[in-house]
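J.: Here it is, the structure, as structure tokens.
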Amino acid sequence: MTGSSSLQAAETGGTGFSGYQKFVVAVLAFLQFTIVLDFMLLAPLGALVVPALHITPGQFGDVVSAYAFAAGVSGLLAAGFADRFDRKKLLLVFYGGFMLGTLLCGLAHNYMSLLIARSVTGLFAGVVGAASMAIVTDLFPLSMRGRVMGFIQTAFAASSVLGLPMSLFLSSHWGWNAPFFLIVTVCTVVGGAIIGRLRPVNAHLALRQDKNPLHHLLHTLSSRSYLIGFVATALLSIGGFLLMPYSTLFLVHNVGISVDQLTLVYLVTGLISAVTGPLIGRASDKFGKYRVFAFGCVVTIVMVVIYTRLSNLALWPLIGVSALLQLGIFSRIISSSALMSALPKPSDRGAYMSISSSLQQVSGGLAAVLGGLVVVQIGDGRLLHFDVLGDVLVCTTLISLTLMYFVNRRVAGAAAMSAPQGLESKVGQKP
């Protein structure tokens with residue numbers, strides 16, 4: 001598959017992965033693993049970082065949030081020129097910047113240096129994810145994207161099952177900054193594989209209209225067919241981040257789970273997610289992405305209502321509830337990612353993915369802030385109004401279900417109108 005035929009491959013093709021496609025899935029999954037692990041790593045290290053750098057909890061919160069807001073800003077700024085370059089080159093440039101930021105995190109020795117390092121890391125990481133998704137959309141037909149997203153999204157589970165425990169072990173033996181050096185090492189291997197084997201992904205350049213970056217950004221932001229996808233992305237991100245920052249406190253103080261048991265909860269839940277992710281992706285390709293999304297919404301609603309009202313529950317019933325909740329969340333993430341990847345035109349994919357990445361980061365940050373305004377921690381440590389966050393998540397899930405229905409209709413309509421003599425097929429033809 002050459003760069004000039006990548007768009008044709010994205011709209012046609014069989015149901016099995018070629019050897020090269022397997023490589024692309026694997027390298028992007030490892031890339032996503034490093035991004036997710038770097039994002040998730042700092043918060044659990046708070047107990048080590050705060051005394052080591054002599055900073056306050058408030059300053060540590062600033063360091064954590066700096067990453068998200070920097071990623072949101074970079075995603076928006078990059079949208080204007082994301083479709084003007086070979087996606088492989090764009091990915092390598094920003095992945096290199098991400099590696100530099102991660103290295104600076106490991107070398108940080110005070111509050112300001114760590115704040116700057118996390119900001120640099122976020123600035124580049126925000127575009128890496130968008131470039132990866134654009135490559136997936138260019139290289140894989142819609143009929144295969146569910147499986148691709150399923151494998152790539154298992155990076156979240158893998159970071160919990162393998163990455164976080166290993167990072168915490170390294171931190172306890174060699175200092176809080178040791179995991180960042182580990183991530184840089186893995187990034188070096190992944191980057192080398194991308195340089196050596198990933199082919200150019202540049203067929204979209206032949207389709208690009210002659211707009212300057214600002215015009216391209218404004219065009220993508222104002223396109224009526226894209227706005228519904230942006231709103232759905234924001235709502236899904238808001239729902240996802242409403243509970244996550246406060247789940248640990250809730251499980252320990254409201255449900256009665258010890259810190260040691262908490263590790264087991266996340267370990268088992270992560271293992272289940274790693275196994276079910278590819279299965280969910282396969283199901284979305286076989287039964288329909290919107291159907292799997294609707295299934296995920298139903299499971300999420302039921303389990304959120306149960307989860308946010310738990311009290312004094314034993315360990316293994318809690319693990320069962322958490323696993324079912326994760327099943328619903330993963331079903332939504334994988335199927336919606338695959339479905340919305342078909343929404344933008346080939347010439348707008350980079351911009352669309354960059355804006356979506358920005359919305360995910362900013363919406364997640366705002367959700368965490370709003371959640372902090374709702375929940376209240378009383379004297380014995382218990383959280384009040386955690387169930388209110390669950391009710392809000394139910395509402396956002398119902399709205400996103402409605403919005404994704406219209407996204408599905410647009411995608412199905414566009415697929416029905418496409419023909420072999422369309423522009424994308426012409427791009428893949430040999431002269």
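Simple scheme: letters A, B, ... for chains in structure tokens order, numbers from 1 for residues in each chain, numbers from 1 for ligands in the order shown.
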Env of Gly381 (chain A): 12 Å cut, atoms = only C-alpha atoms, seq-sep filter 4 positions within chain, self excluded. Answer as an MDAnalysis selection string.
T.: chainID A and resid 246 248:256 375:377
J.: Residues of region 122-190 of chain A that have any atom at most 6 Å from an atom of region 98-102 of chain A: could you tabulate them with the shortest-distance atom pair and the distance in Å to one decimal, using only C-alpha atoms, ordered by chain and increasing number, as a tab-separated table?
T.:
residue	atom	partner	partner_atom	distance
A:Phe124	CA	A:Phe98	CA	5.1
A:Ala125	CA	A:Phe98	CA	5.6
A:Phe180	CA	A:Thr102	CA	6.0
A:Val184	CA	A:Met99	CA	5.8
J.: Would you list the contacts of Leu262 (chain A) as a VMD selection string, taking every protein, DNA or RNA residue within 9 Å and counting only C-alpha atoms, but skipping same-chain residues closer than 2 positions in sequence?
T.: chain A and resid 248 251 to 252 257 to 260 264 to 267 315
J.: To test your reading of the structure, identify every residue in region 295-426 of chain A that backbone DSSP assigns to alpha helix (DSSP H), and report it as a ChimeraX atom specification.
T.: /A:295-307,315-340,349-374,386-417,423-426
J.: Using only C-alpha atoms, which of A:Val148, A:Ile194, A:Ala234, A:Leu42 sits nearest Ser357 (chain A)?
T.: A:Ala234
